[in-house]
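Novice: Input my_file.pdb, format and content: PDB, C-alpha atoms, pLDDT in the B column.
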```pdb
ATOM      1  CA  ILE E   1      18.678  -6.565   2.203  1.00 84.00           C
ATOM      2  CA  ALA E   2      17.647  -7.174  -1.412  1.00 86.00           C
ATOM      3  CA  GLU E   3      21.204  -8.104  -2.392  1.00 87.00           C
ATOM      4  CA  LYS E   4      21.134 -10.964   0.124  1.00 89.00           C
ATOM      5  CA  PHE E   5      18.336 -12.504  -1.940  1.00 89.00           C
ATOM      6  CA  ASN E   6      20.009 -11.838  -5.275  1.00 91.00           C
ATOM      7  CA  LEU E   7      17.613  -9.006  -6.193  1.00 92.00           C
ATOM      8  CA  ASN E   8      18.080  -5.606  -7.805  1.00 91.00           C
ATOM      9  CA  LEU E   9      15.904  -2.578  -7.105  1.00 91.00           C
ATOM     10  CA  VAL E  10      14.077  -1.672 -10.331  1.00 91.00           C
ATOM     11  CA  VAL E  11      11.509   0.904  -9.184  1.00 93.00           C
ATOM     12  CA  ASP E  12      11.199   3.048  -6.055  1.00 94.00           C
ATOM     13  CA  ARG E  13       8.154   5.337  -6.155  1.00 94.00           C
ATOM     14  CA  ASP E  14       7.076   7.572  -3.281  1.00 94.00           C
ATOM     15  CA  LEU E  15       3.305   7.068  -3.580  1.00 91.00           C
ATOM     16  CA  GLY E  16       2.645   9.163  -0.504  1.00 91.00           C
ATOM     17  CA  SER E  17       4.023  12.277  -2.195  1.00 92.00           C
ATOM     18  CA  GLU E  18       2.921  11.360  -5.706  1.00 92.00           C
ATOM     19  CA  TYR E  19      -0.739  10.981  -4.704  1.00 90.00           C
ATOM     20  CA  GLN E  20      -0.666  13.470  -1.786  1.00 91.00           C
ATOM     21  CA  ILE E  21      -2.004  10.847   0.606  1.00 90.00           C
ATOM     22  CA  ILE E  22      -1.459  12.922   3.751  1.00 93.00           C
ATOM     23  CA  ALA E  23      -3.418  15.863   2.359  1.00 91.00           C
ATOM     24  CA  ARG E  24      -6.102  13.993   0.441  1.00 89.00           C
ATOM     25  CA  ASN E  25      -6.665  10.848   2.491  1.00 86.00           C
ATOM     26  CA  TYR E  26      -5.678  12.025   5.955  1.00 91.00           C
ATOM     27  CA  ARG E  27      -6.525  15.752   5.625  1.00 90.00           C
ATOM     28  CA  ASN E  28      -3.247  16.564   7.437  1.00 93.00           C
ATOM     29  CA  LYS E  29      -4.738  15.393  10.740  1.00 93.00           C
ATOM     30  CA  LEU E  30      -3.430  13.085  13.446  1.00 94.00           C
ATOM     31  CA  PRO E  31      -6.012  10.412  14.310  1.00 91.00           C
ATOM     32  CA  ASN E  32      -7.211   9.336  17.725  1.00 88.00           C
ATOM     33  CA  ILE E  33      -6.366   5.656  17.710  1.00 87.00           C
ATOM     34  CA  ALA E  34      -7.323   4.792  21.275  1.00 85.00           C
ATOM     35  CA  PRO E  35      -9.318   1.543  21.085  1.00 81.00           C
ATOM     36  CA  THR E  36     -12.935   1.614  22.163  1.00 80.00           C
ATOM     37  CA  LYS E  37     -15.610  -1.051  22.453  1.00 78.00           C
ATOM     38  CA  ALA E  38     -16.862  -0.117  19.003  1.00 74.00           C
ATOM     39  CA  LYS E  39     -13.438   0.319  17.418  1.00 74.00           C
ATOM     40  CA  SER E  40     -10.942  -2.310  18.539  1.00 75.00           C
ATOM     41  CA  HIS E  41     -10.432  -4.209  15.273  1.00 74.00           C
ATOM     42  CA  GLN E  42      -6.732  -4.667  14.455  1.00 77.00           C
ATOM     43  CA  GLY E  43      -7.321  -3.484  10.891  1.00 78.00           C
ATOM     44  CA  TRP E  44      -8.835  -0.210  12.144  1.00 78.00           C
ATOM     45  CA  LEU E  45      -6.081   0.297  14.724  1.00 84.00           C
ATOM     46  CA  GLY E  46      -3.400  -0.517  12.153  1.00 86.00           C
ATOM     47  CA  SER E  47      -4.737   1.989   9.635  1.00 87.00           C
ATOM     48  CA  GLY E  48      -4.870   4.636  12.364  1.00 89.00           C
ATOM     49  CA  MET E  49      -1.270   3.972  13.335  1.00 91.00           C
ATOM     50  CA  ARG E  50      -0.196   4.192   9.698  1.00 91.00           C
ATOM     51  CA  GLN E  51      -1.949   7.559   9.363  1.00 92.00           C
ATOM     52  CA  LYS E  52      -0.325   8.832  12.558  1.00 94.00           C
ATOM     53  CA  LEU E  53       3.181   7.815  11.523  1.00 94.00           C
ATOM     54  CA  MET E  54       2.772   9.215   8.004  1.00 94.00           C
ATOM     55  CA  VAL E  55       1.489  12.586   9.201  1.00 95.00           C
ATOM     56  CA  GLU E  56       4.374  12.727  11.686  1.00 96.00           C
ATOM     57  CA  GLY E  57       6.827  12.029   8.864  1.00 94.00           C
ATOM     58  CA  LYS E  58       8.061   8.773  10.403  1.00 95.00           C
ATOM     59  CA  LEU E  59       6.632   6.532   7.688  1.00 94.00           C
ATOM     60  CA  THR E  60       6.505   6.759   3.913  1.00 93.00           C
ATOM     61  CA  TYR E  61       4.188   5.034   1.469  1.00 91.00           C
ATOM     62  CA  ARG E  62       6.328   3.563  -1.276  1.00 93.00           C
ATOM     63  CA  MET E  63       6.109   1.055  -4.089  1.00 92.00           C
ATOM     64  CA  LEU E  64       9.272  -1.004  -4.456  1.00 93.00           C
ATOM     65  CA  VAL E  65       9.808  -3.359  -7.392  1.00 92.00           C
ATOM     66  CA  PHE E  66      12.687  -5.832  -7.392  1.00 91.00           C
ATOM     67  CA  GLN E  67      14.075  -8.028 -10.141  1.00 90.00           C
ATOM     68  CA  LYS E  68      16.029 -11.215  -9.707  1.00 88.00           C
ATOM     69  CA  VAL E  69      19.624 -10.836 -10.864  1.00 87.00           C
ATOM     70  CA  GLY E  70      19.896 -12.310 -14.346  1.00 79.00           C
ATOM     71  CA  GLY E  71      16.125 -12.284 -14.841  1.00 66.00           C
ATOM     72  CA  THR E  72      14.498 -11.331 -18.127  1.00 61.00           C
ATOM     73  CA  LYS E  73      13.319  -7.743 -18.307  1.00 58.00           C
ATOM     74  CA  SER E  74       9.730  -7.037 -19.299  1.00 54.00           C
ATOM     75  CA  HIS E  75       9.856  -3.891 -21.411  1.00 51.00           C
ATOM     76  CA  GLY E  76       6.136  -3.248 -21.154  1.00 48.00           C
ATOM     77  CA  THR E  77       6.115  -3.713 -17.370  1.00 47.00           C
ATOM     78  CA  ASN E  78       8.940  -1.267 -16.761  1.00 47.00           C
ATOM     79  CA  ARG E  79       7.311   1.417 -18.893  1.00 45.00           C
ATOM     80  CA  SER E  80       3.934   1.048 -17.177  1.00 47.00           C
ATOM     81  CA  LEU E  81       5.468   1.308 -13.695  1.00 49.00           C
ATOM     82  CA  PHE E  82       6.860   4.708 -14.587  1.00 48.00           C
ATOM     83  CA  GLY E  83       3.612   5.873 -16.134  1.00 49.00           C
ATOM     84  CA  ASP E  84       4.715   5.523 -19.787  1.00 49.00           C
ATOM     85  CA  SER E  85       2.752   2.425 -20.745  1.00 47.00           C
ATOM     86  CA  THR E  86       1.800   1.841 -24.355  1.00 49.00           C
ATOM     87  CA  GLU E  87      -0.925  -0.278 -25.848  1.00 51.00           C
ATOM     88  CA  GLY E  88      -0.115  -3.698 -27.201  1.00 49.00           C
ATOM     89  CA  ASP E  89       2.354  -4.739 -24.493  1.00 53.00           C
ATOM     90  CA  CYS E  90       0.186  -7.517 -23.070  1.00 54.00           C
ATOM     91  CA  ASP E  91      -1.145 -10.634 -24.733  1.00 62.00           C
ATOM     92  CA  SER E  92      -4.928 -10.802 -24.898  1.00 66.00           C
ATOM     93  CA  VAL E  93      -6.816 -13.434 -22.912  1.00 70.00           C
ATOM     94  CA  GLN E  94      -7.302 -16.618 -24.900  1.00 75.00           C
ATOM     95  CA  SER E  95     -10.820 -17.342 -26.140  1.00 80.00           C
ATOM     96  CA  ALA E  96     -12.405 -20.392 -27.755  1.00 78.00           C
ATOM     97  CA  ASN E  97     -14.242 -18.205 -30.308  1.00 80.00           C
ATOM     98  CA  GLY E  98     -16.442 -21.056 -31.501  1.00 79.00           C
ATOM     99  CA  ASN E  99     -13.696 -23.694 -31.329  1.00 84.00           C
ATOM    100  CA  GLU E 100     -13.520 -26.529 -28.818  1.00 88.00           C
ATOM    101  CA  ALA E 101     -13.735 -25.114 -25.314  1.00 87.00           C
ATOM    102  CA  LEU E 102     -11.617 -26.040 -22.310  1.00 87.00           C
ATOM    103  CA  THR E 103     -12.843 -29.026 -20.312  1.00 89.00           C
ATOM    104  CA  PHE E 104     -12.704 -28.374 -16.562  1.00 88.00           C
ATOM    105  CA  ASN E 105     -14.448 -29.335 -13.355  1.00 88.00           C
ATOM    106  CA  PRO E 106     -16.762 -26.460 -12.315  1.00 90.00           C
ATOM    107  CA  ILE E 107     -15.596 -24.690  -9.179  1.00 86.00           C
ATOM    108  CA  GLU E 108     -17.880 -24.869  -6.140  1.00 85.00           C
ATOM    109  CA  ALA E 109     -18.258 -22.296  -3.364  1.00 82.00           C
ATOM    110  CA  GLU E 110     -16.976 -23.971  -0.214  1.00 83.00           C
ATOM    111  CA  HIS E 111     -15.443 -22.575   2.959  1.00 81.00           C
ATOM    112  CA  ARG E 112     -12.037 -24.191   3.409  1.00 81.00           C
ATOM    113  CA  THR E 113      -9.326 -23.749   6.023  1.00 82.00           C
ATOM    114  CA  GLY E 114      -6.539 -23.495   3.454  1.00 79.00           C
ATOM    115  CA  LYS E 115      -4.423 -25.882   5.515  1.00 83.00           C
ATOM    116  CA  GLY E 116      -3.012 -29.007   3.936  1.00 80.00           C
ATOM    117  CA  SER E 117      -3.713 -30.351   0.473  1.00 77.00           C
ATOM    118  CA  GLY E 118      -6.859 -29.762  -1.554  1.00 75.00           C
ATOM    119  CA  GLY E 119      -7.660 -26.513   0.234  1.00 78.00           C
ATOM    120  CA  GLY E 120      -7.953 -28.098   3.650  1.00 85.00           C
ATOM    121  CA  GLY E 121     -11.060 -29.094   5.539  1.00 87.00           C
ATOM    122  CA  LYS E 122     -14.435 -27.377   5.531  1.00 85.00           C
ATOM    123  CA  MET E 123     -15.079 -24.511   7.935  1.00 83.00           C
ATOM    124  CA  GLN E 124     -17.769 -22.022   8.885  1.00 80.00           C
ATOM    125  CA  CYS E 125     -18.131 -18.560   7.389  1.00 76.00           C
ATOM    126  CA  ILE E 126     -16.005 -15.880   9.076  1.00 69.00           C
ATOM    127  CA  SER E 127     -17.113 -12.719   7.259  1.00 67.00           C
ATOM    128  CA  GLY E 128     -20.751 -11.830   6.750  1.00 61.00           C
ATOM    129  CA  TRP E 129     -19.728  -9.008   4.436  1.00 60.00           C
ATOM    130  CA  TYR E 130     -18.625 -11.487   1.838  1.00 58.00           C
ATOM    131  CA  CYS E 131     -20.066 -14.940   2.147  1.00 62.00           C
ATOM    132  CA  CYS E 132     -22.873 -15.515   4.630  1.00 70.00           C
ATOM    133  CA  GLY E 133     -25.750 -13.897   2.804  1.00 72.00           C
ATOM    134  CA  LYS E 134     -25.545 -10.766   4.974  1.00 77.00           C
ATOM    135  CA  GLY E 135     -23.785  -8.454   2.534  1.00 76.00           C
ATOM    136  CA  GLU E 136     -26.858  -6.682   1.139  1.00 81.00           C
ATOM    137  CA  GLU E 137     -28.437  -6.387   4.589  1.00 82.00           C
ATOM    138  CA  TRP E 138     -25.273  -4.753   5.947  1.00 79.00           C
ATOM    139  CA  TRP E 139     -25.066  -2.507   2.883  1.00 82.00           C
ATOM    140  CA  ASP E 140     -28.616  -1.275   3.603  1.00 86.00           C
ATOM    141  CA  ASN E 141     -27.692  -0.616   7.221  1.00 84.00           C
ATOM    142  CA  LEU E 142     -24.603   1.345   6.187  1.00 80.00           C
ATOM    143  CA  GLU E 143     -26.589   3.338   3.638  1.00 82.00           C
ATOM    144  CA  ASP E 144     -29.311   4.208   6.174  1.00 86.00           C
ATOM    145  CA  ASN E 145     -26.780   5.320   8.790  1.00 82.00           C
ATOM    146  CA  ARG E 146     -24.146   6.859   6.547  1.00 75.00           C
ATOM    147  CA  THR E 147     -21.950   9.646   7.928  1.00 71.00           C
ATOM    148  CA  HIS E 148     -19.277  11.826   6.392  1.00 67.00           C
ATOM    149  CA  ASN E 149     -16.614   9.447   7.720  1.00 61.00           C
ATOM    150  CA  THR E 150     -18.044   6.507   5.787  1.00 60.00           C
ATOM    151  CA  GLY E 151     -18.594   8.421   2.552  1.00 58.00           C
ATOM    152  CA  TYR E 152     -15.633   6.712   0.913  1.00 55.00           C
ATOM    153  CA  LEU E 153     -17.330   3.342   1.374  1.00 60.00           C
ATOM    154  CA  LYS E 154     -20.147   4.251  -1.016  1.00 71.00           C
ATOM    155  CA  LEU E 155     -19.848   1.304  -3.386  1.00 75.00           C
ATOM    156  CA  PRO E 156     -22.555  -0.250  -5.590  1.00 79.00           C
ATOM    157  CA  LYS E 157     -24.890  -2.618  -3.778  1.00 78.00           C
ATOM    158  CA  SER E 158     -24.198  -5.215  -6.452  1.00 74.00           C
ATOM    159  CA  LEU E 159     -20.727  -5.675  -4.945  1.00 71.00           C
ATOM    160  CA  PHE E 160     -22.140  -6.783  -1.608  1.00 71.00           C
ATOM    161  CA  GLY E 161     -23.862 -10.033  -2.482  1.00 68.00           C
ATOM    162  CA  ASN E 162     -22.560 -13.444  -1.528  1.00 74.00           C
ATOM    163  CA  TYR E 163     -18.894 -12.990  -2.399  1.00 73.00           C
ATOM    164  CA  MET E 164     -18.061 -16.676  -2.717  1.00 78.00           C
ATOM    165  CA  ASP E 165     -21.021 -17.456  -4.964  1.00 81.00           C
ATOM    166  CA  LYS E 166     -20.279 -14.481  -7.202  1.00 77.00           C
ATOM    167  CA  MET E 167     -16.558 -15.243  -7.362  1.00 80.00           C
ATOM    168  CA  VAL E 168     -17.263 -18.843  -8.375  1.00 86.00           C
ATOM    169  CA  GLU E 169     -19.839 -17.670 -10.927  1.00 87.00           C
ATOM    170  CA  HIS E 170     -17.319 -15.379 -12.615  1.00 86.00           C
ATOM    171  CA  LEU E 171     -14.484 -17.929 -12.474  1.00 88.00           C
ATOM    172  CA  ASN E 172     -16.603 -20.651 -14.073  1.00 90.00           C
ATOM    173  CA  ALA E 173     -17.768 -18.192 -16.747  1.00 90.00           C
ATOM    174  CA  PHE E 174     -14.149 -17.230 -17.433  1.00 89.00           C
ATOM    175  CA  TYR E 175     -12.841 -20.789 -17.673  1.00 89.00           C
ATOM    176  CA  SER E 176     -15.748 -21.854 -19.879  1.00 91.00           C
ATOM    177  CA  GLN E 177     -14.723 -19.413 -22.632  1.00 89.00           C
ATOM    178  CA  LEU E 178     -11.106 -20.599 -22.750  1.00 89.00           C
ATOM    179  CA  PRO E 179     -10.027 -22.809 -25.654  1.00 90.00           C
ATOM    180  CA  SER E 180      -9.194 -26.479 -25.207  1.00 90.00           C
ATOM    181  CA  GLY E 181      -5.625 -26.976 -23.971  1.00 87.00           C
ATOM    182  CA  ALA E 182      -5.330 -23.496 -22.416  1.00 85.00           C
ATOM    183  CA  THR E 183      -2.886 -23.377 -19.515  1.00 82.00           C
ATOM    184  CA  GLY E 184      -1.814 -20.786 -16.995  1.00 76.00           C
ATOM    185  CA  LYS E 185      -2.228 -19.706 -13.394  1.00 70.00           C
ATOM    186  CA  PHE E 186      -4.913 -17.655 -11.699  1.00 68.00           C
ATOM    187  CA  LEU E 187      -3.575 -15.076  -9.237  1.00 66.00           C
ATOM    188  CA  ASP E 188      -5.914 -13.930  -6.488  1.00 64.00           C
ATOM    189  CA  ILE E 189      -4.666 -10.730  -4.872  1.00 58.00           C
ATOM    190  CA  GLY E 190      -6.575 -10.310  -1.623  1.00 56.00           C
ATOM    191  CA  GLY E 191      -6.519  -7.810   1.220  1.00 50.00           C
ATOM    192  CA  THR E 192      -5.100  -8.423   4.681  1.00 46.00           C
ATOM    193  CA  GLY E 193      -7.447 -10.494   6.792  1.00 47.00           C
ATOM    194  CA  SER E 194      -8.123 -10.167  10.491  1.00 46.00           C
ATOM    195  CA  VAL E 195      -6.753 -12.854  12.785  1.00 46.00           C
ATOM    196  CA  ALA E 196      -9.343 -11.625  15.303  1.00 47.00           C
ATOM    197  CA  SER E 197     -12.021 -12.910  12.915  1.00 46.00           C
ATOM    198  CA  GLY E 198     -10.460 -16.342  12.679  1.00 47.00           C
ATOM    199  CA  MET E 199      -7.960 -15.957   9.835  1.00 46.00           C
ATOM    200  CA  SER E 200      -4.568 -17.436  10.650  1.00 48.00           C
ATOM    201  CA  LYS E 201      -2.656 -16.042   7.651  1.00 43.00           C
TER     202      LYS E 201
END
```
Would you put the structure from the file into structure tokens?

Specialist:
Amino acid sequence: IAEKFNLNLVVDRDLGSEYQIIARNYRNKLPNIAPTKAKSHQGWLGSGMRQKLMVEGKLTYRMLVFQKVGGTKSHGTNRSLFGDSTEGDCDSVQSANGNEALTFNPIEAEHRTGKGSGGGGKMQCISGWYCCGKGEEWWDNLEDNRTHNTGYLKLPKSLFGNYMDKMVEHLNAFYSQLPSGATGKFLDIGGTGSVASGMSK
């Protein structure tokens, strides 16, 4: 399949075996993935199906890295993917360090559809965990009713504030320390959303 898109396979790592996911994450157990009134979210059902198929040996958890034919190799990247990374491979983030800072329009926290140009039109909040001022309240509820099954979700309360406000705060702080003329792209790597909650992509 990769050859059809002019790609070569660079790395193929079996993360399931390397990190013993079946033993450590799934405890070698098949899950009960029958939906209930309390557990019918597609994300929950999908994770249960993945666990089932992995324990049954029908699915593997792999990391595949492809490179475009004729592309330039990144020596530091290849070493780090195989666990042999060395310091000094990456350029440091630019900083004004007392010189003229980058001029930019401060980012504002707004709910947008993501459709069309300019981020699309405004929309209502779709996840109280992240952006409707409910994060800390829900964290308290989880903490008060914690069970063994939710032990892995024990994250600092500071992570459960208003996600959008905090994200914008950190982005504006980051851009404000860049030097004048700095260029580049910001890559946001997010998790898979739930179409049941209103996300379309």

Novice: So that I can see what lies close to Pro35 in chain E, please list as an NGL selection string the residues with an atom at most 12 Å from it, counting only C-alpha atoms and leaving out residues fewer than 6 positions away in the same chain.

Specialist: :E and (41-46 or 48-49)

Novice: My list of candidates is E:Val10, E:Arg50, E:His111, E:Val55. Which is closest to Lys68 in chain E when distances are computed with all atoms listed in the file?

Specialist: E:Val10

Novice: Let me make sure I understand: among E:Asn105, E:Asn99, E:Leu9, E:Tyr163, which one has the smallest atom-to-atom distance to Cys125 in chain E if we use all atoms listed in the file?

Specialist: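 The closest residue to Cys125 in chain E is E:Tyr163.
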
Novice: What lies within 10 Å of Val168 in chain E using only C-alpha atoms, ignoring chain neighbours under 2 positions off, as a list in words?

Specialist: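 Listed by chain and then number, they are Pro106, Ile107, Glu108, Ala109, Glu110, Tyr163, Met164, Asp165, Lys166, His170, Leu171, Asn172, Ala173 and Phe174 of chain E.
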
Novice: Near Ser158 in chain E, within 12 Å and counting all atoms listed in the file, which residues show up once chain neighbours fewer than 2 positions away are dropped, as a PDB file with C-alpha atoms, in the coordinates of the input?

Specialist:
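Result file is out-v4.pdb:
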```pdb
ATOM      1  CA  TYR E 130     -18.625 -11.487   1.838  1.00 58.00           C
ATOM      2  CA  GLY E 135     -23.785  -8.454   2.534  1.00 76.00           C
ATOM      3  CA  GLU E 136     -26.858  -6.682   1.139  1.00 81.00           C
ATOM      4  CA  GLU E 137     -28.437  -6.387   4.589  1.00 82.00           C
ATOM      5  CA  TRP E 139     -25.066  -2.507   2.883  1.00 82.00           C
ATOM      6  CA  ASP E 140     -28.616  -1.275   3.603  1.00 86.00           C
ATOM      7  CA  LYS E 154     -20.147   4.251  -1.016  1.00 71.00           C
ATOM      8  CA  LEU E 155     -19.848   1.304  -3.386  1.00 75.00           C
ATOM      9  CA  PRO E 156     -22.555  -0.250  -5.590  1.00 79.00           C
ATOM     10  CA  PHE E 160     -22.140  -6.783  -1.608  1.00 71.00           C
ATOM     11  CA  GLY E 161     -23.862 -10.033  -2.482  1.00 68.00           C
ATOM     12  CA  ASN E 162     -22.560 -13.444  -1.528  1.00 74.00           C
ATOM     13  CA  TYR E 163     -18.894 -12.990  -2.399  1.00 73.00           C
ATOM     14  CA  LYS E 166     -20.279 -14.481  -7.202  1.00 77.00           C
TER      15      LYS E 166
END
```

Novice: So how far away is CA of Leu64 in chain E from CA of Leu15 in chain E, in Å?

Specialist: 10.1 Å

Novice: One number please: CA of Gln20 in chain E to CA of Met54 in chain E, in Å, one decimal.

Specialist: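 That distance, rounded to one decimal, is 11.2 Å.
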
Novice: Nearest to Arg27 in chain E among E:Lys157, E:Lys52, E:Lys39, E:Arg112, with distances taken over only C-alpha atoms: which residue is it?

Specialist: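 Checking each candidate against Arg27 in chain E, we get E:Lys52 as the closest.
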
Novice: Using all atoms listed in the file, which residue out of E:Thr183, E:Ser47, E:Ser176, E:Ser117 lies closest to Gly98 in chain E?

Specialist: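 Going through E:Thr183, E:Ser47, E:Ser176, E:Ser117 one by one, the smallest distance to Gly98 in chain E is for E:Ser176.
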